[in-house]
>>> print(open('structure.cif').read())   # mmCIF, N, CA and C atoms
data_model
#
loop_
_atom_site.group_PDB
_atom_site.id
_atom_site.type_symbol
_atom_site.label_atom_id
_atom_site.label_comp_id
_atom_site.auth_asym_id
_atom_site.auth_seq_id
_atom_site.Cartn_x
_atom_site.Cartn_y
_atom_site.Cartn_z
ATOM 1 N N MET D 151 165.240 207.486 131.695
ATOM 2 C CA MET D 151 164.127 207.020 130.882
ATOM 3 C C MET D 151 163.595 205.688 131.398
ATOM 4 N N THR D 152 164.479 204.801 131.860
ATOM 5 C CA THR D 152 163.999 203.522 132.362
ATOM 6 C C THR D 152 163.237 203.703 133.666
ATOM 7 N N ASP D 153 163.573 204.754 134.439
ATOM 8 C CA ASP D 153 162.854 205.009 135.680
ATOM 9 C C ASP D 153 161.396 205.344 135.388
ATOM 10 N N THR D 154 161.159 206.136 134.359
ATOM 11 C CA THR D 154 159.788 206.488 133.968
ATOM 12 C C THR D 154 159.053 205.257 133.461
ATOM 13 N N ALA D 155 159.727 204.439 132.680
ATOM 14 C CA ALA D 155 159.115 203.212 132.163
ATOM 15 C C ALA D 155 158.781 202.266 133.314
ATOM 16 N N ASP D 156 159.678 202.154 134.294
ATOM 17 C CA ASP D 156 159.413 201.298 135.451
ATOM 18 C C ASP D 156 158.209 201.803 136.237
ATOM 19 N N ARG D 157 158.114 203.107 136.416
ATOM 20 C CA ARG D 157 156.969 203.665 137.141
ATOM 21 C C ARG D 157 155.672 203.415 136.387
ATOM 22 N N GLU D 158 155.717 203.523 135.069
ATOM 23 C CA GLU D 158 154.519 203.258 134.273
ATOM 24 C C GLU D 158 154.110 201.796 134.382
ATOM 25 N N GLN D 159 155.087 200.873 134.377
ATOM 26 C CA GLN D 159 154.774 199.455 134.523
ATOM 27 C C GLN D 159 154.195 199.165 135.903
ATOM 28 N N ILE D 160 154.761 199.779 136.929
ATOM 29 C CA ILE D 160 154.259 199.590 138.289
ATOM 30 C C ILE D 160 152.844 200.127 138.400
ATOM 31 N N THR D 161 152.607 201.313 137.873
ATOM 32 C CA THR D 161 151.277 201.914 137.912
ATOM 33 C C THR D 161 150.273 201.044 137.164
ATOM 34 N N SER D 162 150.673 200.515 136.013
ATOM 35 C CA SER D 162 149.796 199.660 135.224
ATOM 36 C C SER D 162 149.462 198.367 135.973
ATOM 37 N N ALA D 163 150.464 197.753 136.587
ATOM 38 C CA ALA D 163 150.236 196.508 137.331
ATOM 39 C C ALA D 163 149.359 196.749 138.560
ATOM 40 N N LEU D 164 149.558 197.874 139.244
ATOM 41 C CA LEU D 164 148.716 198.199 140.394
ATOM 42 C C LEU D 164 147.276 198.442 139.954
ATOM 43 N N TYR D 165 147.100 199.057 138.797
ATOM 44 C CA TYR D 165 145.759 199.277 138.257
ATOM 45 C C TYR D 165 145.065 197.942 137.995
ATOM 46 N N LYS D 166 145.802 196.964 137.472
ATOM 47 C CA LYS D 166 145.214 195.646 137.205
ATOM 48 C C LYS D 166 144.758 194.978 138.500
ATOM 49 N N ILE D 167 145.553 195.123 139.560
ATOM 50 C CA ILE D 167 145.158 194.563 140.857
ATOM 51 C C ILE D 167 143.900 195.266 141.367
ATOM 52 N N ARG D 168 143.851 196.590 141.250
ATOM 53 C CA ARG D 168 142.661 197.339 141.689
ATOM 54 C C ARG D 168 141.428 196.928 140.888
ATOM 55 N N ARG D 169 141.612 196.667 139.598
ATOM 56 C CA ARG D 169 140.496 196.255 138.748
ATOM 57 C C ARG D 169 139.951 194.890 139.202
ATOM 58 N N LYS D 170 140.835 193.988 139.610
ATOM 59 C CA LYS D 170 140.386 192.691 140.132
ATOM 60 C C LYS D 170 139.637 192.872 141.445
ATOM 61 N N HIS D 171 140.093 193.813 142.275
ATOM 62 C CA HIS D 171 139.389 194.111 143.520
ATOM 63 C C HIS D 171 137.973 194.611 143.223
ATOM 64 N N ARG D 172 137.845 195.486 142.249
ATOM 65 C CA ARG D 172 136.523 196.007 141.893
ATOM 66 C C ARG D 172 135.623 194.904 141.348
ATOM 67 N N LEU D 173 136.185 193.978 140.588
ATOM 68 C CA LEU D 173 135.399 192.863 140.064
ATOM 69 C C LEU D 173 134.878 192.001 141.213
ATOM 70 N N LEU D 174 135.722 191.712 142.189
ATOM 71 C CA LEU D 174 135.293 190.921 143.337
ATOM 72 C C LEU D 174 134.228 191.667 144.140
ATOM 73 N N ALA D 175 134.405 192.960 144.329
ATOM 74 C CA ALA D 175 133.394 193.757 145.029
ATOM 75 C C ALA D 175 132.081 193.749 144.265
ATOM 76 N N GLY D 176 132.154 193.807 142.947
ATOM 77 C CA GLY D 176 130.949 193.755 142.126
ATOM 78 C C GLY D 176 130.211 192.441 142.296
ATOM 79 N N ILE D 177 130.936 191.343 142.383
ATOM 80 C CA ILE D 177 130.297 190.048 142.594
ATOM 81 C C ILE D 177 129.632 190.012 143.966
ATOM 82 N N PHE D 178 130.300 190.548 144.983
ATOM 83 C CA PHE D 178 129.693 190.615 146.317
ATOM 84 C C PHE D 178 128.403 191.431 146.288
ATOM 85 N N ILE D 179 128.405 192.538 145.572
ATOM 86 C CA ILE D 179 127.243 193.423 145.535
ATOM 87 C C ILE D 179 126.097 192.818 144.719
ATOM 88 N N VAL D 180 126.414 192.128 143.644
ATOM 89 C CA VAL D 180 125.401 191.588 142.739
ATOM 90 C C VAL D 180 124.818 190.266 143.234
ATOM 91 N N TYR D 181 125.536 189.545 144.076
ATOM 92 C CA TYR D 181 125.146 188.182 144.451
ATOM 93 C C TYR D 181 123.719 188.103 145.009
ATOM 94 N N ILE D 182 123.444 188.795 146.093
ATOM 95 C CA ILE D 182 122.134 188.696 146.759
ATOM 96 C C ILE D 182 121.000 189.171 145.837
ATOM 97 N N PRO D 183 121.107 190.357 145.223
ATOM 98 C CA PRO D 183 120.001 190.771 144.346
ATOM 99 C C PRO D 183 119.770 189.821 143.163
ATOM 100 N N ALA D 184 120.845 189.292 142.603
ATOM 101 C CA ALA D 184 120.685 188.397 141.451
ATOM 102 C C ALA D 184 119.987 187.103 141.849
ATOM 103 N N VAL D 185 120.413 186.520 142.959
ATOM 104 C CA VAL D 185 119.801 185.267 143.394
ATOM 105 C C VAL D 185 118.347 185.509 143.811
ATOM 106 N N CYS D 186 118.086 186.616 144.501
ATOM 107 C CA CYS D 186 116.709 186.945 144.888
ATOM 108 C C CYS D 186 115.836 187.172 143.657
ATOM 109 N N LEU D 187 116.347 187.867 142.676
ATOM 110 C CA LEU D 187 115.590 188.106 141.446
ATOM 111 C C LEU D 187 115.236 186.789 140.768
ATOM 112 N N LEU D 188 116.205 185.893 140.660
ATOM 113 C CA LEU D 188 115.936 184.599 140.038
ATOM 114 C C LEU D 188 114.899 183.822 140.839
ATOM 115 N N TYR D 189 114.965 183.927 142.156
ATOM 116 C CA TYR D 189 114.006 183.222 143.007
ATOM 117 C C TYR D 189 112.602 183.798 142.831
ATOM 118 N N PHE D 190 112.496 185.133 142.857
ATOM 119 C CA PHE D 190 111.189 185.768 142.755
ATOM 120 C C PHE D 190 110.576 185.649 141.360
ATOM 121 N N LEU D 191 111.388 185.396 140.363
ATOM 122 C CA LEU D 191 110.862 185.135 139.020
ATOM 123 C C LEU D 191 110.307 183.720 138.903
ATOM 124 N N GLN D 192 110.386 182.967 139.996
ATOM 125 C CA GLN D 192 109.890 181.596 140.089
ATOM 126 C C GLN D 192 110.495 180.685 139.033
ATOM 127 N N LEU D 193 111.784 180.852 138.854
ATOM 128 C CA LEU D 193 112.510 179.954 137.959
ATOM 129 C C LEU D 193 112.747 178.637 138.688
ATOM 130 N N PRO D 194 113.085 177.593 137.959
ATOM 131 C CA PRO D 194 113.320 176.301 138.606
ATOM 132 C C PRO D 194 114.417 176.416 139.683
ATOM 133 N N GLY D 195 114.244 175.622 140.733
ATOM 134 C CA GLY D 195 115.186 175.653 141.847
ATOM 135 C C GLY D 195 116.618 175.333 141.439
ATOM 136 N N TRP D 196 116.771 174.415 140.496
ATOM 137 C CA TRP D 196 118.117 174.049 140.066
ATOM 138 C C TRP D 196 118.822 175.229 139.392
ATOM 139 N N LEU D 197 118.044 176.074 138.709
ATOM 140 C CA LEU D 197 118.630 177.227 138.036
ATOM 141 C C LEU D 197 119.064 178.285 139.054
ATOM 142 N N VAL D 198 118.245 178.510 140.065
ATOM 143 C CA VAL D 198 118.583 179.481 141.108
ATOM 144 C C VAL D 198 119.816 179.005 141.871
ATOM 145 N N MET D 199 119.823 177.734 142.258
ATOM 146 C CA MET D 199 120.974 177.188 142.980
ATOM 147 C C MET D 199 122.223 177.178 142.098
ATOM 148 N N GLY D 200 122.042 176.865 140.834
ATOM 149 C CA GLY D 200 123.179 176.864 139.913
ATOM 150 C C GLY D 200 123.792 178.248 139.778
ATOM 151 N N ALA D 201 122.945 179.263 139.688
ATOM 152 C CA ALA D 201 123.447 180.643 139.596
ATOM 153 C C ALA D 201 124.155 181.042 140.880
ATOM 154 N N ALA D 202 123.588 180.654 142.029
ATOM 155 C CA ALA D 202 124.210 180.982 143.310
ATOM 156 C C ALA D 202 125.574 180.314 143.448
ATOM 157 N N VAL D 203 125.640 179.047 143.114
ATOM 158 C CA VAL D 203 126.913 178.314 143.206
ATOM 159 C C VAL D 203 127.929 178.884 142.214
ATOM 160 N N PHE D 204 127.482 179.239 141.022
ATOM 161 C CA PHE D 204 128.383 179.817 140.028
ATOM 162 C C PHE D 204 128.991 181.122 140.530
ATOM 163 N N LEU D 205 128.162 182.005 141.093
ATOM 164 C CA LEU D 205 128.684 183.281 141.591
ATOM 165 C C LEU D 205 129.640 183.082 142.769
ATOM 166 N N ILE D 206 129.330 182.128 143.642
ATOM 167 C CA ILE D 206 130.235 181.835 144.756
ATOM 168 C C ILE D 206 131.572 181.317 144.228
ATOM 169 N N CYS D 207 131.524 180.370 143.307
ATOM 170 C CA CYS D 207 132.765 179.823 142.734
ATOM 171 C C CYS D 207 133.554 180.894 141.991
ATOM 172 N N LEU D 208 132.865 181.758 141.268
ATOM 173 C CA LEU D 208 133.535 182.848 140.559
ATOM 174 C C LEU D 208 134.238 183.773 141.551
ATOM 175 N N GLY D 209 133.567 184.086 142.651
ATOM 176 C CA GLY D 209 134.177 184.918 143.687
ATOM 177 C C GLY D 209 135.405 184.267 144.307
ATOM 178 N N ILE D 210 135.345 182.965 144.540
ATOM 179 C CA ILE D 210 136.493 182.246 145.109
ATOM 180 C C ILE D 210 137.665 182.253 144.141
ATOM 181 N N VAL D 211 137.389 182.011 142.868
ATOM 182 C CA VAL D 211 138.465 182.008 141.858
ATOM 183 C C VAL D 211 139.119 183.385 141.768
ATOM 184 N N ILE D 212 138.307 184.439 141.745
ATOM 185 C CA ILE D 212 138.860 185.793 141.659
ATOM 186 C C ILE D 212 139.659 186.122 142.916
ATOM 187 N N ALA D 213 139.185 185.672 144.089
ATOM 188 C CA ALA D 213 139.926 185.905 145.328
ATOM 189 C C ALA D 213 141.289 185.218 145.284
ATOM 190 N N PHE D 214 141.354 184.000 144.734
ATOM 191 C CA PHE D 214 142.641 183.313 144.587
ATOM 192 C C PHE D 214 143.549 184.048 143.605
ATOM 193 N N ILE D 215 142.974 184.527 142.509
ATOM 194 C CA ILE D 215 143.775 185.273 141.531
ATOM 195 C C ILE D 215 144.337 186.544 142.170
ATOM 196 N N ILE D 216 143.507 187.237 142.955
ATOM 197 C CA ILE D 216 143.981 188.434 143.654
ATOM 198 C C ILE D 216 145.071 188.066 144.640
ATOM 199 N N GLY D 217 144.873 186.985 145.372
ATOM 200 C CA GLY D 217 145.853 186.568 146.365
ATOM 201 C C GLY D 217 147.197 186.187 145.777
ATOM 202 N N LEU D 218 147.206 185.752 144.539
ATOM 203 C CA LEU D 218 148.456 185.336 143.895
ATOM 204 C C LEU D 218 149.061 186.418 143.012
ATOM 205 N N ALA D 219 148.520 187.620 143.064
ATOM 206 C CA ALA D 219 149.041 188.714 142.239
ATOM 207 C C ALA D 219 150.418 189.161 142.764
ATOM 208 N N PRO D 220 151.403 189.230 141.894
ATOM 209 C CA PRO D 220 152.724 189.677 142.340
ATOM 210 C C PRO D 220 152.797 191.199 142.460
ATOM 211 N N CYS D 221 153.608 191.647 143.384
ATOM 212 C CA CYS D 221 153.843 193.081 143.534
ATOM 213 C C CYS D 221 154.722 193.541 142.365
ATOM 214 N N PRO D 222 154.346 194.597 141.688
ATOM 215 C CA PRO D 222 155.157 195.054 140.560
ATOM 216 C C PRO D 222 156.483 195.675 140.990
ATOM 217 N N ALA D 223 156.599 196.093 142.239
ATOM 218 C CA ALA D 223 157.827 196.735 142.691
ATOM 219 C C ALA D 223 158.858 195.724 143.198
ATOM 220 N N CYS D 224 158.427 194.771 144.050
ATOM 221 C CA CYS D 224 159.403 193.854 144.654
ATOM 222 C C CYS D 224 159.325 192.441 144.100
ATOM 223 N N GLY D 225 158.245 192.101 143.386
ATOM 224 C CA GLY D 225 158.129 190.782 142.784
ATOM 225 C C GLY D 225 157.549 189.718 143.700
ATOM 226 N N GLN D 226 157.396 190.007 144.982
ATOM 227 C CA GLN D 226 156.783 189.060 145.918
ATOM 228 C C GLN D 226 155.261 189.112 145.765
ATOM 229 N N LEU D 227 154.578 188.171 146.414
ATOM 230 C CA LEU D 227 153.119 188.202 146.371
ATOM 231 C C LEU D 227 152.622 189.442 147.098
ATOM 232 N N PHE D 228 151.749 190.208 146.448
ATOM 233 C CA PHE D 228 151.305 191.492 146.977
ATOM 234 C C PHE D 228 150.520 191.323 148.270
ATOM 235 N N HIS D 229 149.629 190.330 148.326
ATOM 236 C CA HIS D 229 148.706 190.194 149.448
ATOM 237 C C HIS D 229 149.098 189.118 150.451
ATOM 238 N N VAL D 230 150.201 188.422 150.248
ATOM 239 C CA VAL D 230 150.563 187.295 151.104
ATOM 240 C C VAL D 230 151.969 187.487 151.655
ATOM 241 N N ARG D 231 152.102 187.213 152.952
ATOM 242 C CA ARG D 231 153.423 187.218 153.590
ATOM 243 C C ARG D 231 153.495 185.981 154.450
ATOM 244 N N GLY D 232 154.433 185.090 154.125
ATOM 245 C CA GLY D 232 154.525 183.825 154.851
ATOM 246 C C GLY D 232 153.326 182.957 154.506
ATOM 247 N N VAL D 233 152.649 182.449 155.545
ATOM 248 C CA VAL D 233 151.476 181.607 155.306
ATOM 249 C C VAL D 233 150.177 182.391 155.461
ATOM 250 N N GLY D 234 150.279 183.667 155.813
ATOM 251 C CA GLY D 234 149.080 184.481 156.007
ATOM 252 C C GLY D 234 149.051 185.657 155.063
ATOM 253 N N GLY D 235 147.904 186.270 155.026
ATOM 254 C CA GLY D 235 147.762 187.447 154.185
ATOM 255 C C GLY D 235 146.316 187.881 154.140
ATOM 256 N N SER D 236 146.068 188.929 153.386
ATOM 257 C CA SER D 236 144.720 189.454 153.249
ATOM 258 C C SER D 236 144.578 190.077 151.866
ATOM 259 N N ILE D 237 143.514 189.684 151.167
ATOM 260 C CA ILE D 237 143.297 190.277 149.845
ATOM 261 C C ILE D 237 142.740 191.683 149.960
ATOM 262 N N PHE D 238 142.440 192.117 151.185
ATOM 263 C CA PHE D 238 141.877 193.446 151.393
ATOM 264 C C PHE D 238 142.921 194.471 151.828
ATOM 265 N N THR D 239 144.188 194.075 151.861
ATOM 266 C CA THR D 239 145.238 195.000 152.267
ATOM 267 C C THR D 239 145.449 196.061 151.194
ATOM 268 N N GLY D 240 145.792 197.259 151.626
ATOM 269 C CA GLY D 240 145.988 198.359 150.690
ATOM 270 C C GLY D 240 147.440 198.588 150.321
ATOM 271 N N THR D 241 148.349 197.830 150.933
ATOM 272 C CA THR D 241 149.777 197.964 150.636
ATOM 273 C C THR D 241 150.388 196.586 150.454
ATOM 274 N N CYS D 242 151.515 196.540 149.768
ATOM 275 C CA CYS D 242 152.242 195.289 149.590
ATOM 276 C C CYS D 242 152.679 194.784 150.961
ATOM 277 N N MET D 243 152.541 193.504 151.193
ATOM 278 C CA MET D 243 152.906 192.921 152.480
ATOM 279 C C MET D 243 154.423 192.850 152.652
ATOM 280 N N HIS D 244 155.186 193.110 151.589
ATOM 281 C CA HIS D 244 156.637 193.022 151.659
ATOM 282 C C HIS D 244 157.317 194.388 151.612
ATOM 283 N N CYS D 245 157.057 195.132 150.552
ATOM 284 C CA CYS D 245 157.772 196.399 150.385
ATOM 285 C C CYS D 245 156.943 197.613 150.808
ATOM 286 N N GLY D 246 155.637 197.431 151.013
ATOM 287 C CA GLY D 246 154.804 198.512 151.506
ATOM 288 C C GLY D 246 154.305 199.493 150.453
ATOM 289 N N ILE D 247 154.493 199.193 149.168
ATOM 290 C CA ILE D 247 154.003 200.101 148.132
ATOM 291 C C ILE D 247 152.474 200.155 148.202
ATOM 292 N N PRO D 248 151.884 201.338 148.204
ATOM 293 C CA PRO D 248 150.424 201.427 148.300
ATOM 294 C C PRO D 248 149.742 201.014 146.992
ATOM 295 N N LEU D 249 148.600 200.368 147.141
ATOM 296 C CA LEU D 249 147.842 199.907 145.982
ATOM 297 C C LEU D 249 147.291 201.085 145.182
ATOM 298 N N LYS D 250 147.008 202.180 145.837
ATOM 299 C CA LYS D 250 146.409 203.330 145.165
ATOM 300 C C LYS D 250 147.459 204.301 144.614
ATOM 301 N N GLN D 251 148.701 203.881 144.533
ATOM 302 C CA GLN D 251 149.742 204.745 143.969
ATOM 303 C C GLN D 251 149.483 204.883 142.477
ATOM 304 N N GLY D 252 149.636 206.092 141.986
ATOM 305 C CA GLY D 252 149.529 206.327 140.556
ATOM 306 C C GLY D 252 148.220 206.670 140.080
#
>>> encode(input="structure.cif", output="structure tokens")
Amino acid sequence: MTDTADREQITSALYKIRRKHRLLAGIFIVYIPAVCLLYFLQLPGWLVMGAAVFLICLGIVIAFIIGLAPCPACGQLFHVRGVGGSIFTGTCMHCGIPLKQG
């Protein structure tokens, strides 16, 4: 019974990591059209720049959160090994569990 519970917890934690990846991808996709729309609506320059800086900062914060996500299977950082890593990796850098499992 604990094996099933552990698998459910691992699947749930991997889903949360995937959801953060989708949020970051959404920010990447929305950034250019949103800033262009604000520019073409002839809003004040400070508002357009403020929106651009906000989206960039939001993307950086989410990237850090993704980078610090622990692997649900081994407990190490999922995307970091040593001093290097990649938030775009599809497997744990330590135990190799795939992100799309479950």
>>> residues_around(input="structure.cif", residues="D:Ala219", least_positions_apart="5", cutoff="9 Å", atoms="only C-alpha atoms", output="ChimeraX atom specification")
/D:167,214,226-229
>>> atom_distance(input="structure.cif", atom1="atom C of D:His244", atom2="atom CA of D:Leu173")
24.8 Å
>>> select_by_dssp(input="structure.cif", residues="chain D", states="helix (DSSP H, G or I)", output="PyMOL selection string")
chain D and resi 152-190+195-217
>>> atom_distance(input="structure.cif", atom1="atom C of D:Val203", atom2="atom N of D:Leu191")
17.9 Å
>>> closest_residue(input="structure.cif", among="D:Leu193, D:Lys170, D:Asp156, D:Leu164", to="D:Ile212", atoms="only N, CA and C atoms")
D:Lys170
>>> residues_around(input="structure.cif", residues="D:Phe178", least_positions_apart="3", cutoff="12 Å", atoms="only C-alpha atoms", output="ChimeraX atom specification")
/D:171-175,181-185,202,205-210,212-213
>>> atom_distance(input="structure.cif", atom1="atom N of D:Cys245", atom2="atom N of D:Thr154")
20.0 Å
>>> select_by_dssp(input="structure.cif", residues="stretch 172-247 of chain D", states="strand (DSSP E)", output="MDAnalysis selection string")
chainID D and resid 230:231 234:235
>>> resolve_selection(input="structure.cif", expression="the PyMOL selection byres (((chain D and resi 251 and name CA) around 12) and name CA)", output="compact mmCIF listing (two decimals) with N, CA and C atoms, keeping the file's coordinate frame")
# COMPACT_ATOMS: atom_id res chain seq x y z
N ARG D 157 158.11 203.11 136.42
CA ARG D 157 156.97 203.66 137.14
C ARG D 157 155.67 203.42 136.39
N GLU D 158 155.72 203.52 135.07
CA GLU D 158 154.52 203.26 134.27
C GLU D 158 154.11 201.80 134.38
N GLN D 159 155.09 200.87 134.38
CA GLN D 159 154.77 199.46 134.52
C GLN D 159 154.20 199.16 135.90
N ILE D 160 154.76 199.78 136.93
CA ILE D 160 154.26 199.59 138.29
C ILE D 160 152.84 200.13 138.40
N THR D 161 152.61 201.31 137.87
CA THR D 161 151.28 201.91 137.91
C THR D 161 150.27 201.04 137.16
N SER D 162 150.67 200.52 136.01
CA SER D 162 149.80 199.66 135.22
C SER D 162 149.46 198.37 135.97
N ALA D 163 150.46 197.75 136.59
CA ALA D 163 150.24 196.51 137.33
C ALA D 163 149.36 196.75 138.56
N LEU D 164 149.56 197.87 139.24
CA LEU D 164 148.72 198.20 140.39
C LEU D 164 147.28 198.44 139.95
N TYR D 165 147.10 199.06 138.80
CA TYR D 165 145.76 199.28 138.26
C TYR D 165 145.06 197.94 138.00
N ILE D 167 145.55 195.12 139.56
CA ILE D 167 145.16 194.56 140.86
C ILE D 167 143.90 195.27 141.37
N ARG D 168 143.85 196.59 141.25
CA ARG D 168 142.66 197.34 141.69
C ARG D 168 141.43 196.93 140.89
N PRO D 222 154.35 194.60 141.69
CA PRO D 222 155.16 195.05 140.56
C PRO D 222 156.48 195.68 140.99
N ALA D 223 156.60 196.09 142.24
CA ALA D 223 157.83 196.74 142.69
C ALA D 223 158.86 195.72 143.20
N GLY D 240 145.79 197.26 151.63
CA GLY D 240 145.99 198.36 150.69
C GLY D 240 147.44 198.59 150.32
N THR D 241 148.35 197.83 150.93
CA THR D 241 149.78 197.96 150.64
C THR D 241 150.39 196.59 150.45
N CYS D 242 151.51 196.54 149.77
CA CYS D 242 152.24 195.29 149.59
C CYS D 242 152.68 194.78 150.96
N GLY D 246 155.64 197.43 151.01
CA GLY D 246 154.80 198.51 151.51
C GLY D 246 154.30 199.49 150.45
N ILE D 247 154.49 199.19 149.17
CA ILE D 247 154.00 200.10 148.13
C ILE D 247 152.47 200.16 148.20
N PRO D 248 151.88 201.34 148.20
CA PRO D 248 150.42 201.43 148.30
C PRO D 248 149.74 201.01 146.99
N LEU D 249 148.60 200.37 147.14
CA LEU D 249 147.84 199.91 145.98
C LEU D 249 147.29 201.08 145.18
N LYS D 250 147.01 202.18 145.84
CA LYS D 250 146.41 203.33 145.16
C LYS D 250 147.46 204.30 144.61
N GLY D 252 149.64 206.09 141.99
CA GLY D 252 149.53 206.33 140.56
C GLY D 252 148.22 206.67 140.08
>>> build_atoms(input="structure.cif", residues="stretch 181-188 of chain D", atoms="all heavy atoms", output="PDB file, in the frame of the given file")
ATOM      1  N   TYR D 181     125.536 189.545 144.076  1.00  0.00           N
ATOM      2  CA  TYR D 181     125.146 188.182 144.451  1.00  0.00           C
ATOM      3  C   TYR D 181     123.719 188.103 145.009  1.00  0.00           C
ATOM      4  O   TYR D 181     122.872 187.397 144.469  1.00  0.00           O
ATOM      5  CB  TYR D 181     126.141 187.607 145.457  1.00  0.00           C
ATOM      6  CG  TYR D 181     125.746 186.244 145.955  1.00  0.00           C
ATOM      7  CD1 TYR D 181     125.916 185.120 145.163  1.00  0.00           C
ATOM      8  CD2 TYR D 181     125.160 186.077 147.195  1.00  0.00           C
ATOM      9  CE1 TYR D 181     125.539 183.874 145.603  1.00  0.00           C
ATOM     10  CE2 TYR D 181     124.777 184.837 147.645  1.00  0.00           C
ATOM     11  CZ  TYR D 181     124.975 183.738 146.844  1.00  0.00           C
ATOM     12  OH  TYR D 181     124.598 182.497 147.276  1.00  0.00           O
ATOM     13  N   ILE D 182     123.444 188.795 146.093  1.00  0.00           N
ATOM     14  CA  ILE D 182     122.134 188.696 146.759  1.00  0.00           C
ATOM     15  C   ILE D 182     121.000 189.171 145.837  1.00  0.00           C
ATOM     16  O   ILE D 182     120.010 188.449 145.671  1.00  0.00           O
ATOM     17  CB  ILE D 182     122.129 189.473 148.092  1.00  0.00           C
ATOM     18  CG1 ILE D 182     123.150 188.890 149.050  1.00  0.00           C
ATOM     19  CG2 ILE D 182     120.732 189.516 148.698  1.00  0.00           C
ATOM     20  CD1 ILE D 182     122.733 187.651 149.775  1.00  0.00           C
ATOM     21  N   PRO D 183     121.107 190.357 145.223  1.00  0.00           N
ATOM     22  CA  PRO D 183     120.001 190.771 144.346  1.00  0.00           C
ATOM     23  C   PRO D 183     119.770 189.821 143.163  1.00  0.00           C
ATOM     24  O   PRO D 183     118.627 189.562 142.795  1.00  0.00           O
ATOM     25  CB  PRO D 183     120.421 192.151 143.849  1.00  0.00           C
ATOM     26  CG  PRO D 183     121.392 192.647 144.841  1.00  0.00           C
ATOM     27  CD  PRO D 183     122.084 191.433 145.370  1.00  0.00           C
ATOM     28  N   ALA D 184     120.845 189.292 142.603  1.00  0.00           N
ATOM     29  CA  ALA D 184     120.685 188.397 141.451  1.00  0.00           C
ATOM     30  C   ALA D 184     119.987 187.103 141.849  1.00  0.00           C
ATOM     31  O   ALA D 184     119.058 186.651 141.162  1.00  0.00           O
ATOM     32  CB  ALA D 184     122.051 188.091 140.835  1.00  0.00           C
ATOM     33  N   VAL D 185     120.413 186.520 142.959  1.00  0.00           N
ATOM     34  CA  VAL D 185     119.801 185.267 143.394  1.00  0.00           C
ATOM     35  C   VAL D 185     118.347 185.509 143.811  1.00  0.00           C
ATOM     36  O   VAL D 185     117.460 184.711 143.499  1.00  0.00           O
ATOM     37  CB  VAL D 185     120.635 184.620 144.526  1.00  0.00           C
ATOM     38  CG1 VAL D 185     119.920 183.421 145.117  1.00  0.00           C
ATOM     39  CG2 VAL D 185     122.002 184.204 143.997  1.00  0.00           C
ATOM     40  N   CYS D 186     118.086 186.616 144.501  1.00  0.00           N
ATOM     41  CA  CYS D 186     116.709 186.945 144.888  1.00  0.00           C
ATOM     42  C   CYS D 186     115.836 187.172 143.657  1.00  0.00           C
ATOM     43  O   CYS D 186     114.684 186.709 143.610  1.00  0.00           O
ATOM     44  CB  CYS D 186     116.684 188.176 145.785  1.00  0.00           C
ATOM     45  SG  CYS D 186     117.285 187.855 147.446  1.00  0.00           S
ATOM     46  N   LEU D 187     116.347 187.867 142.676  1.00  0.00           N
ATOM     47  CA  LEU D 187     115.590 188.106 141.446  1.00  0.00           C
ATOM     48  C   LEU D 187     115.236 186.789 140.768  1.00  0.00           C
ATOM     49  O   LEU D 187     114.089 186.582 140.357  1.00  0.00           O
ATOM     50  CB  LEU D 187     116.384 189.007 140.492  1.00  0.00           C
ATOM     51  CG  LEU D 187     115.726 189.274 139.151  1.00  0.00           C
ATOM     52  CD1 LEU D 187     114.477 190.124 139.337  1.00  0.00           C
ATOM     53  CD2 LEU D 187     116.699 189.950 138.208  1.00  0.00           C
ATOM     54  N   LEU D 188     116.205 185.893 140.660  1.00  0.00           N
ATOM     55  CA  LEU D 188     115.936 184.599 140.038  1.00  0.00           C
ATOM     56  C   LEU D 188     114.899 183.822 140.839  1.00  0.00           C
ATOM     57  O   LEU D 188     114.034 183.145 140.273  1.00  0.00           O
ATOM     58  CB  LEU D 188     117.232 183.795 139.908  1.00  0.00           C
ATOM     59  CG  LEU D 188     118.265 184.349 138.926  1.00  0.00           C
ATOM     60  CD1 LEU D 188     119.532 183.524 138.981  1.00  0.00           C
ATOM     61  CD2 LEU D 188     117.705 184.385 137.519  1.00  0.00           C
TER      62      LEU D 188
END
